[in-house]
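Next comes work-v5.txt, with compact mmCIF, C-alpha atoms.
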# COMPACT_ATOMS: atom_id res chain seq x y z
CA MET X 159 8.76 51.41 26.21
CA ALA X 160 8.38 51.03 22.46
CA CYS X 161 4.84 51.43 21.19
CA PRO X 162 4.74 50.29 17.54
CA THR X 163 1.20 48.83 17.39
CA GLN X 164 -2.36 49.54 18.51
CA ASP X 165 -2.15 46.68 20.99
CA ASP X 166 0.86 48.36 22.58
CA ALA X 167 -0.98 51.67 22.74
CA ASP X 168 -3.99 50.01 24.34
CA ALA X 169 -1.76 48.47 27.02
CA LEU X 170 0.04 51.69 27.94
CA ALA X 171 -2.47 52.94 30.50
CA THR X 172 -2.31 49.72 32.51
CA ILE X 173 1.46 49.55 32.31
CA ALA X 174 1.91 53.19 33.31
CA ARG X 175 -0.46 52.79 36.25
CA LYS X 176 1.13 49.60 37.60
CA SER X 177 4.79 50.35 36.92
CA GLN X 178 6.97 51.18 39.93
CA ILE X 179 9.17 53.42 37.79
CA PRO X 180 8.21 56.18 35.32
CA VAL X 181 7.18 54.87 31.91
CA ILE X 182 8.37 56.77 28.86
CA ALA X 183 6.65 55.82 25.63
CA ASP X 184 8.84 55.54 22.53
CA ILE X 185 6.82 56.49 19.45
CA HIS X 186 7.64 55.99 15.78
CA PHE X 187 5.69 56.17 12.51
CA GLN X 188 2.17 56.83 13.84
CA PRO X 189 1.27 60.21 15.40
CA LYS X 190 -1.87 58.69 16.91
CA TYR X 191 0.25 56.70 19.35
CA VAL X 192 1.72 59.95 20.69
CA PHE X 193 -1.76 61.01 21.78
CA ALA X 194 -2.45 57.53 23.15
CA ALA X 195 0.69 57.68 25.29
CA ILE X 196 -0.20 61.11 26.63
CA GLU X 197 -3.76 60.00 27.44
CA ALA X 198 -2.37 56.83 29.09
CA GLY X 199 -0.54 58.92 31.68
CA CYS X 200 3.01 58.09 30.62
CA ALA X 201 5.67 60.10 32.45
CA ALA X 202 7.00 61.38 29.12
CA VAL X 203 6.80 60.64 25.41
CA ARG X 204 9.71 60.30 23.00
CA VAL X 205 8.92 61.19 19.42
CA ASN X 206 11.16 60.54 16.43
CA PRO X 207 10.43 63.33 13.94
CA GLY X 208 12.49 61.64 11.24
CA ASN X 209 10.10 58.75 10.74
CA ILE X 210 6.68 60.08 11.75
CA LYS X 211 4.90 61.08 8.57
CA GLN X 212 3.71 64.69 8.50
CA PHE X 213 4.96 65.06 12.09
CA ASP X 214 5.39 68.82 11.76
CA ASP X 215 1.70 69.17 10.88
CA LYS X 216 0.75 67.50 14.18
CA VAL X 217 2.96 69.57 16.49
CA LYS X 218 0.19 72.00 17.46
CA GLU X 219 -2.14 69.19 18.53
CA ILE X 220 0.64 67.30 20.32
CA ALA X 221 1.74 70.45 22.15
CA ARG X 222 -1.82 71.14 23.30
CA ALA X 223 -2.40 67.59 24.51
CA ALA X 224 0.99 67.40 26.26
CA LYS X 225 0.44 70.75 27.96
CA ASP X 226 -3.05 69.75 29.13
CA HIS X 227 -1.68 66.55 30.71
CA GLY X 228 1.63 67.96 31.93
CA THR X 229 3.53 65.46 29.80
CA PRO X 230 7.13 66.26 28.76
CA ILE X 231 8.14 65.49 25.18
CA ARG X 232 11.55 64.17 24.17
CA ILE X 233 12.55 65.06 20.65
CA GLY X 234 14.62 62.01 19.81
CA VAL X 235 16.67 62.55 16.67
CA ASN X 236 18.50 59.44 15.48
CA ALA X 237 21.22 59.17 12.83
CA GLY X 238 19.58 56.05 11.39
CA SER X 239 16.24 57.74 10.77
CA LEU X 240 17.17 61.33 10.00
CA ASP X 241 14.73 63.36 7.93
CA ARG X 242 15.45 62.93 4.21
CA ARG X 243 15.61 66.70 3.70
CA LEU X 244 18.55 66.97 6.07
CA LEU X 245 20.28 63.96 4.57
CA GLN X 246 20.08 65.64 1.19
CA LYS X 247 21.39 68.90 2.62
CA TYR X 248 24.35 67.46 4.54
CA GLY X 249 24.99 64.23 2.65
CA LYS X 250 24.90 62.12 5.79
CA ALA X 251 24.04 62.30 9.49
CA THR X 252 26.61 64.88 10.54
CA PRO X 253 26.58 66.59 13.95
CA GLU X 254 25.22 69.71 12.24
CA ALA X 255 22.39 67.73 10.63
CA LEU X 256 21.38 66.12 13.93
CA VAL X 257 21.40 69.44 15.76
CA GLU X 258 19.48 71.26 13.03
CA SER X 259 16.80 68.59 13.08
CA ALA X 260 16.40 68.77 16.85
CA LEU X 261 16.33 72.54 17.10
CA TRP X 262 13.90 72.84 14.19
CA GLU X 263 11.44 70.51 15.88
CA ALA X 264 11.90 72.30 19.21
CA SER X 265 11.14 75.62 17.51
CA LEU X 266 7.83 74.26 16.23
CA PHE X 267 6.80 73.37 19.79
CA GLU X 268 7.99 76.77 20.99
CA GLU X 269 5.66 78.42 18.47
CA HIS X 270 2.80 76.88 20.43
CA ASP X 271 4.25 77.97 23.79
CA PHE X 272 5.37 74.46 24.72
CA ARG X 273 8.84 74.15 26.22
CA ASP X 274 8.62 71.08 28.43
CA ILE X 275 11.11 69.42 26.12
CA LYS X 276 14.12 67.13 26.35
CA ILE X 277 16.36 66.48 23.34
CA SER X 278 18.53 63.59 22.16
CA VAL X 279 20.72 63.43 19.05
CA LYS X 280 21.99 59.86 18.96
CA HIS X 281 24.61 58.42 16.63
CA ASN X 282 26.47 55.09 16.59
CA ASP X 283 29.85 56.85 16.26
CA PRO X 284 30.95 58.30 19.63
CA VAL X 285 33.01 61.03 17.93
CA VAL X 286 30.03 62.29 15.92
CA MET X 287 27.73 61.91 18.91
CA ILE X 288 30.03 63.90 21.22
CA GLU X 289 30.33 66.74 18.74
CA ALA X 290 26.57 66.84 18.16
CA TYR X 291 25.82 67.17 21.87
CA LYS X 292 28.51 69.83 22.31
CA GLN X 293 26.94 71.89 19.53
CA LEU X 294 23.47 71.31 20.94
CA ALA X 295 24.50 72.33 24.46
CA ALA X 296 25.98 75.54 23.07
CA GLN X 297 22.77 76.42 21.23
CA CYS X 298 19.99 75.59 23.70
CA ASP X 299 19.21 75.17 27.38
CA TYR X 300 16.94 72.14 27.11
CA PRO X 301 17.76 69.02 29.14
CA LEU X 302 19.78 66.58 27.03
CA HIS X 303 19.35 62.80 26.94
CA LEU X 304 22.63 61.14 25.96
CA GLY X 305 22.90 57.99 23.91
CA VAL X 306 25.25 56.15 21.56
CA THR X 307 22.65 54.36 19.49
CA GLU X 308 23.25 50.84 18.17
CA ALA X 309 26.49 50.76 20.17
CA GLY X 310 26.94 47.05 19.52
CA PRO X 311 27.58 43.88 21.57
CA ALA X 312 28.21 44.17 25.30
CA PHE X 313 31.98 44.74 25.30
CA GLN X 314 32.15 47.09 22.30
CA GLY X 315 29.01 48.96 23.31
CA THR X 316 30.22 49.44 26.86
CA ILE X 317 33.49 50.98 25.68
CA LYS X 318 31.77 53.28 23.17
CA SER X 319 29.18 54.40 25.72
CA ALA X 320 31.74 54.98 28.46
CA VAL X 321 33.96 57.06 26.15
CA ALA X 322 31.08 59.19 24.87
CA PHE X 323 29.28 59.68 28.17
CA GLY X 324 32.50 60.32 30.03
CA ALA X 325 33.58 63.00 27.57
CA LEU X 326 30.25 64.82 27.86
CA LEU X 327 29.24 64.30 31.47
CA SER X 328 32.68 65.35 32.69
CA GLN X 329 31.98 68.72 31.02
CA GLY X 330 28.52 69.02 32.55
CA ILE X 331 26.72 68.10 29.31
CA GLY X 332 23.85 65.65 29.70
CA ASP X 333 20.96 65.10 32.10
CA THR X 334 19.87 61.51 31.49
CA ILE X 335 21.52 58.59 29.70
CA ARG X 336 20.62 55.42 27.83
CA VAL X 337 23.18 52.71 27.27
CA SER X 338 22.25 50.77 24.11
CA LEU X 339 23.71 47.27 23.97
CA SER X 340 22.96 44.13 22.02
CA ALA X 341 22.45 42.50 25.41
CA PRO X 342 19.67 42.11 28.00
CA PRO X 343 18.39 45.47 29.31
CA VAL X 344 19.62 44.68 32.83
CA GLU X 345 23.18 44.77 31.45
CA GLU X 346 22.51 48.23 30.00
CA VAL X 347 21.45 49.44 33.43
CA LYS X 348 24.55 47.94 35.07
CA VAL X 349 26.85 49.66 32.59
CA GLY X 350 25.02 52.97 32.94
CA ASN X 351 25.24 52.85 36.72
CA GLN X 352 28.93 52.01 36.59
CA ILE X 353 29.62 54.94 34.27
CA LEU X 354 27.82 57.33 36.61
CA GLU X 355 29.56 55.91 39.67
CA SER X 356 32.96 56.21 37.97
CA LEU X 357 32.29 59.92 37.40
CA ASN X 358 31.00 60.39 40.97
CA LEU X 359 27.60 61.34 39.56
CA LYS X 360 25.94 58.50 41.44
CA GLN X 361 26.74 57.18 44.89
CA ARG X 362 29.21 54.36 44.47
CA GLY X 363 28.10 50.91 45.49
CA LEU X 364 30.46 47.97 45.75
CA GLU X 365 33.76 48.75 44.03
CA ILE X 366 36.48 46.17 43.57
CA VAL X 367 40.00 47.58 43.14
CA SER X 368 42.26 44.84 41.81
CA CYS X 369 45.62 44.77 40.08
CA PRO X 370 46.31 43.45 36.58
CA SER X 371 48.66 40.63 35.73
CA CYS X 372 52.35 41.46 36.11
CA GLY X 373 55.64 39.82 36.98
CA ARG X 374 55.36 40.96 40.60
CA ALA X 375 52.12 39.11 41.34
CA GLN X 376 52.63 36.29 43.81
CA VAL X 377 49.04 35.04 43.88
CA ASP X 378 46.34 34.36 41.31
CA VAL X 379 44.79 37.83 41.37
CA TYR X 380 42.24 36.99 38.67
CA LYS X 381 40.86 34.14 40.77
CA LEU X 382 40.87 36.16 43.98
CA ALA X 383 39.10 39.15 42.43
CA GLU X 384 36.46 36.98 40.74
CA GLU X 385 35.72 35.02 43.92
CA VAL X 386 35.51 38.15 46.07
CA THR X 387 33.24 39.84 43.53
CA ALA X 388 30.98 36.78 43.36
CA GLY X 389 30.84 36.57 47.15
CA LEU X 390 29.83 40.22 47.51
CA THR X 391 27.40 40.45 44.57
CA GLY X 392 24.22 42.20 45.61
CA MET X 393 25.85 44.28 48.33
CA GLU X 394 24.37 47.77 48.09
CA VAL X 395 26.54 49.74 50.50
CA PRO X 396 29.25 52.02 49.06
CA LEU X 397 32.19 49.76 49.88
CA ARG X 398 35.61 49.81 48.22
CA VAL X 399 37.48 46.50 48.40
CA ALA X 400 41.10 46.24 47.22
CA VAL X 401 42.35 42.83 46.06
CA MET X 402 46.08 43.22 45.46
CA GLY X 403 48.62 40.61 44.47
CA CYS X 404 52.02 42.00 45.39
CA VAL X 405 53.86 44.02 48.00
CA VAL X 406 54.70 46.98 45.72
CA ASN X 407 51.33 48.75 45.33
CA GLY X 408 49.33 46.29 47.40
CA PRO X 409 49.71 47.77 50.90
CA GLY X 410 49.07 51.31 49.68
CA GLU X 411 45.93 50.41 47.73
CA ALA X 412 44.64 48.15 50.50
CA ARG X 413 45.22 50.90 53.06
CA GLU X 414 43.26 53.45 51.00
CA ALA X 415 40.26 51.14 50.56
CA ASP X 416 37.57 50.39 53.14
CA LEU X 417 38.73 46.80 53.07
CA GLY X 418 41.67 45.22 51.33
CA VAL X 419 44.29 42.54 51.07
CA ALA X 420 47.95 42.79 50.13
CA SER X 421 48.98 39.30 49.07
CA GLY X 422 52.34 37.60 48.72
CA ASN X 423 54.37 34.57 49.72
CA GLY X 424 51.30 32.43 50.27
CA LYS X 425 49.54 34.78 52.66
CA GLY X 426 47.61 38.03 52.77
CA GLN X 427 47.56 41.03 55.04
CA ILE X 428 43.95 42.10 55.66
CA PHE X 429 43.36 45.84 55.99
CA VAL X 430 40.21 47.43 57.44
CA LYS X 431 39.96 51.22 57.26
CA GLY X 432 43.70 51.53 56.70
CA GLU X 433 44.85 49.25 59.50
CA VAL X 434 46.19 45.70 59.31
CA ILE X 435 43.87 43.56 61.41
CA LYS X 436 45.29 40.12 60.63
CA THR X 437 47.43 38.03 58.32
CA VAL X 438 45.84 34.91 56.85
CA PRO X 439 46.96 32.04 54.57
CA GLU X 440 46.21 32.50 50.87
CA SER X 441 43.50 29.83 51.11
CA LYS X 442 41.63 31.99 53.66
CA ILE X 443 41.85 35.37 51.88
CA VAL X 444 38.50 35.26 50.09
CA GLU X 445 36.64 33.89 53.09
CA THR X 446 38.15 36.53 55.39
CA LEU X 447 37.46 39.42 53.02
CA ILE X 448 33.82 38.42 52.68
CA GLU X 449 33.42 38.10 56.45
CA GLU X 450 34.96 41.51 57.07
CA ALA X 451 32.91 43.05 54.25
CA MET X 452 29.72 41.79 55.88
CA LYS X 453 30.76 43.34 59.19
CA LEU X 454 31.48 46.68 57.52
CA ALA X 455 28.21 46.57 55.58
CA GLU X 456 26.25 45.91 58.77
CA GLN X 457 27.95 48.83 60.49
CA MET X 458 27.34 51.12 57.51
CA GLU X 459 23.67 50.16 57.44
CA THR X 460 23.44 50.93 61.15
CA ASP X 461 25.03 54.33 60.52
CA GLY X 462 22.60 55.06 57.68
CA VAL X 463 25.23 55.03 54.93
CA ALA X 464 23.61 52.28 52.86
CA SER X 465 20.34 54.17 52.48
CA GLY X 466 22.12 57.24 51.22
CA GLU X 467 21.65 59.14 54.48
CA PRO X 468 24.59 61.27 55.54
CA SER X 469 26.76 60.07 58.38
CA VAL X 470 27.27 63.08 60.68
CA SER X 471 29.88 63.56 63.37
CA VAL X 472 29.44 66.37 65.89
CA ALA X 473 32.38 67.74 67.84
CA GLY X 474 31.90 70.07 70.78
What would the structure in this file look like if it were written as structure tokens?
Amino acid sequence: MACPTQDDADALATIARKSQIPVIADIHFQPKYVFAAIEAGCAAVRVNPGNIKQFDDKVKEIARAAKDHGTPIRIGVNAGSLDRRLLQKYGKATPEALVESALWEASLFEEHDFRDIKISVKHNDPVVMIEAYKQLAAQCDYPLHLGVTEAGPAFQGTIKSAVAFGALLSQGIGDTIRVSLSAPPVEEVKVGNQILESLNLKQRGLEIVSCPSCGRAQVDVYKLAEEVTAGLTGMEVPLRVAVMGCVVNGPGEAREADLGVASGNGKGQIFVKGEVIKTVPESKIVETLIEEAMKLAEQMETDGVASGEPSVSVAG
């Protein structure tokens, strides 16, 4: 939560107390708001050393207050607000400049025996961002918060974030993420979850496997996939549904999914757990898939899969 004014600072305590999720205060420009966020009981405080005047002079006091309250500090270096001294040294916000800024600030906290720190070095260019985090991971053991800052509109920002996060998380670099889109925050959360699910770092929820357009397609796959997705929106169980439009890859993909259809010649073979259970007319494919998905979801909930509990089989 950004905290740019005194009114925001005054509201932090109430927000932190009533929020159902941890509140992290995002502080710029005014050191006094750092102390307000700590006193308010925020779960953590992000500070941007590049735009807080005389920030280094306040580190001792911030470290003491944070330690007394058990409040972690995120040192959030950003390419768009890098300290002028480092811009003069490197000419621009290079990976080396971002890393030097972060490690310098971390060292100041370390001088006061404060190490409850997380670090981010965000840049709008995924290539620069990836290199910065690689260098940072090689030089420190602090938890790293990944972000491609100012990534852009939804489509562009999703691609940039997925490329950057995928490159780093697949190598074990990164502990938390923030997807930054010029879109409603709920869309940022959706994209972030999908990235984590794609890397098997988060339990997969509903996953639609569908084929692209090609000369082999014998049904309107776009329409089928969209209607199935709409019909299953909100389903929370880890269910893979294959919507396939031809007989080349269709049966194989449908067989590998929890639920699937291999379509062609005006009809569709419905697969459940690898077995064909029925063949229906094309007009009934969506309706049938949704019905079977609901049955599977109910069974999975009964077995404890939806809540994240393990499903255990015992053989004598």
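Take the candidates X:Pro311, X:Pro370, X:Pro284, X:Gly462 and check each one against Ser340 in chain X using all atoms listed in the file; the shortest distance goes to X:Pro311.
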ask   = How many Å separate CA of Asn423 in chain X from CA of Thr437 in chain X?
value =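 Taking CA of Asn423 in chain X and CA of Thr437 in chain X, their separation equals 11.6 Å.
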task = Compare X:Leu261, X:Ile443, X:Leu382, X:Ala322 by their minimum atom-to-atom distance to Glu289 in chain X, counting only C-alpha atoms, and give me the closest one.
result =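 Of all the options, X:Ala322 lies closest to Glu289 in chain X.
You will find CA of Ile317 in chain X at 20.8 Å from CA of Glu384 in chain X.
Surrounding residues of (-0.1, 75.8, 23.8) at most 10 Å away are Lys218, Glu219, Ile220, Ala221, Arg222, Ala223, Ala224, Lys225, Asp226, Phe267, Glu268, Glu269, His270, Asp271, Phe272 and Arg273 of chain X (based on all atoms listed in the file).
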query = Of the candidates X:Pro189, X:Gly408, X:Gly238, X:Gly363, which one gets nearest to Val217 in chain X if we count all atoms listed in the file?
reply = X:Pro189
remark   = Between CA of Pro230 in chain X and CA of Arg336 in chain X lies a distance of 17.3 Å
task = Take the point (3.0, 47.4, 14.9) as written in the file and pick out every residue within 12 Å of it, counting all atoms listed in the file; give the list as an NGL selection string.
result = :X and (160-167 or 185-188 or 191)
Hey, can you spit out that residue selection with C-alpha atoms as a PDB file, in the frame of the given file?
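Saved file again.pdb follows:
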ATOM      1  CA  ALA X 160       8.380  51.030  22.460  1.00  0.00           C
ATOM      2  CA  CYS X 161       4.840  51.430  21.190  1.00  0.00           C
ATOM      3  CA  PRO X 162       4.740  50.290  17.540  1.00  0.00           C
ATOM      4  CA  THR X 163       1.200  48.830  17.390  1.00  0.00           C
ATOM      5  CA  GLN X 164      -2.360  49.540  18.510  1.00  0.00           C
ATOM      6  CA  ASP X 165      -2.150  46.680  20.990  1.00  0.00           C
ATOM      7  CA  ASP X 166       0.860  48.360  22.580  1.00  0.00           C
ATOM      8  CA  ALA X 167      -0.980  51.670  22.740  1.00  0.00           C
ATOM      9  CA  ILE X 185       6.820  56.490  19.450  1.00  0.00           C
ATOM     10  CA  HIS X 186       7.640  55.990  15.780  1.00  0.00           C
ATOM     11  CA  PHE X 187       5.690  56.170  12.510  1.00  0.00           C
ATOM     12  CA  GLN X 188       2.170  56.830  13.840  1.00  0.00           C
ATOM     13  CA  TYR X 191       0.250  56.700  19.350  1.00  0.00           C
TER      14      TYR X 191
END
Emit as AutoDock Vina command-line options the padded axis-aligned box for all listed atoms of range 415-422 of chain X, 6 Å per side, with centre and edge lengths in Å to one decimal.
--center_x 45.0 --center_y 44.4 --center_z 50.9 --size_x 26.8 --size_y 25.5 --size_z 16.4
ask   = In terms of the shortest atom-to-atom distance over all atoms listed in the file, which of X:Arg243, X:Leu397, X:Val379, X:Leu417 is closest to Met458 in chain X?
value =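 The answer is X:Leu397, which sits nearest to Met458 in chain X.
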request  = Do a neighbour search on Val337 in chain X at 12 Å with all atoms listed in the file, toss out local chain neighbours closer than 3 positions, and write the hits as number ranges by chain.
outcome  = X: 280, 282, 303-312, 314-323, 334, 340-354
Can you complete the atoms of range 259-270 of chain X to all heavy atoms and list them as a short mmCIF file (atom, residue, chain, number, x, y, z; two decimals), keeping the file's coordinate frame?
data_model
loop_
_atom_site.label_atom_id
_atom_site.label_comp_id
_atom_site.auth_asym_id
_atom_site.auth_seq_id
_atom_site.Cartn_x
_atom_site.Cartn_y
_atom_site.Cartn_z
N SER X 259 18.08 69.29 12.98
CA SER X 259 16.80 68.59 13.08
C SER X 259 16.15 68.81 14.44
O SER X 259 14.97 69.15 14.54
CB SER X 259 17.01 67.09 12.84
OG SER X 259 15.81 66.37 13.05
N ALA X 260 16.94 68.64 15.50
CA ALA X 260 16.40 68.77 16.85
C ALA X 260 15.91 70.18 17.15
O ALA X 260 14.81 70.37 17.69
CB ALA X 260 17.46 68.36 17.87
N LEU X 261 16.71 71.16 16.79
CA LEU X 261 16.33 72.54 17.10
C LEU X 261 15.16 73.01 16.25
O LEU X 261 14.35 73.84 16.70
CB LEU X 261 17.54 73.46 16.90
CG LEU X 261 18.69 73.24 17.90
CD1 LEU X 261 19.82 74.21 17.62
CD2 LEU X 261 18.20 73.39 19.33
N TRP X 262 15.06 72.50 15.03
CA TRP X 262 13.90 72.84 14.19
C TRP X 262 12.62 72.33 14.84
O TRP X 262 11.63 73.07 14.96
CB TRP X 262 14.07 72.26 12.80
CG TRP X 262 12.79 72.24 12.00
CD1 TRP X 262 12.02 71.17 11.70
CD2 TRP X 262 12.13 73.37 11.42
NE1 TRP X 262 10.91 71.54 10.97
CE2 TRP X 262 10.95 72.90 10.78
CE3 TRP X 262 12.41 74.74 11.37
CZ2 TRP X 262 10.06 73.73 10.12
CZ3 TRP X 262 11.52 75.57 10.70
CH2 TRP X 262 10.37 75.07 10.08
N GLU X 263 12.63 71.07 15.26
CA GLU X 263 11.44 70.51 15.88
C GLU X 263 11.11 71.24 17.19
O GLU X 263 9.94 71.50 17.49
CB GLU X 263 11.61 69.02 16.14
CG GLU X 263 11.87 68.19 14.89
CD GLU X 263 10.77 68.29 13.84
OE1 GLU X 263 9.62 68.65 14.21
OE2 GLU X 263 11.04 68.02 12.67
N ALA X 264 12.14 71.57 17.97
CA ALA X 264 11.90 72.30 19.21
C ALA X 264 11.26 73.66 18.92
O ALA X 264 10.37 74.10 19.66
CB ALA X 264 13.22 72.48 19.97
N SER X 265 11.69 74.30 17.84
CA SER X 265 11.14 75.62 17.51
C SER X 265 9.66 75.53 17.17
O SER X 265 8.89 76.47 17.44
CB SER X 265 11.91 76.24 16.34
OG SER X 265 11.62 75.60 15.11
N LEU X 266 9.24 74.43 16.56
CA LEU X 266 7.83 74.26 16.23
C LEU X 266 6.99 74.15 17.51
O LEU X 266 5.88 74.70 17.59
CB LEU X 266 7.63 73.00 15.38
CG LEU X 266 8.31 73.01 13.99
CD1 LEU X 266 7.99 71.72 13.25
CD2 LEU X 266 7.85 74.21 13.17
N PHE X 267 7.51 73.44 18.51
CA PHE X 267 6.80 73.37 19.79
C PHE X 267 6.78 74.73 20.47
O PHE X 267 5.79 75.12 21.09
CB PHE X 267 7.45 72.32 20.69
CG PHE X 267 7.04 70.91 20.39
CD1 PHE X 267 7.84 70.09 19.58
CD2 PHE X 267 5.87 70.39 20.89
CE1 PHE X 267 7.47 68.79 19.31
CE2 PHE X 267 5.48 69.08 20.62
CZ PHE X 267 6.28 68.28 19.82
N GLU X 268 7.90 75.45 20.37
CA GLU X 268 7.99 76.77 20.99
C GLU X 268 6.95 77.73 20.40
O GLU X 268 6.42 78.60 21.11
CB GLU X 268 9.39 77.34 20.80
CG GLU X 268 10.46 76.60 21.61
CD GLU X 268 11.87 76.93 21.17
OE1 GLU X 268 12.03 77.66 20.16
OE2 GLU X 268 12.81 76.45 21.81
N GLU X 269 6.66 77.57 19.11
CA GLU X 269 5.66 78.42 18.47
C GLU X 269 4.29 78.28 19.15
O GLU X 269 3.47 79.19 19.08
CB GLU X 269 5.54 78.08 16.98
CG GLU X 269 6.73 78.53 16.15
CD GLU X 269 6.55 78.14 14.69
OE1 GLU X 269 5.49 77.56 14.35
OE2 GLU X 269 7.48 78.39 13.89
N HIS X 270 4.08 77.14 19.76
CA HIS X 270 2.80 76.88 20.43
C HIS X 270 2.98 76.96 21.95
O HIS X 270 2.19 76.36 22.71
CB HIS X 270 2.25 75.51 20.01
CG HIS X 270 2.05 75.40 18.53
ND1 HIS X 270 1.09 76.11 17.85
CD2 HIS X 270 2.74 74.71 17.57
CE1 HIS X 270 1.17 75.84 16.55
NE2 HIS X 270 2.16 74.99 16.36
#
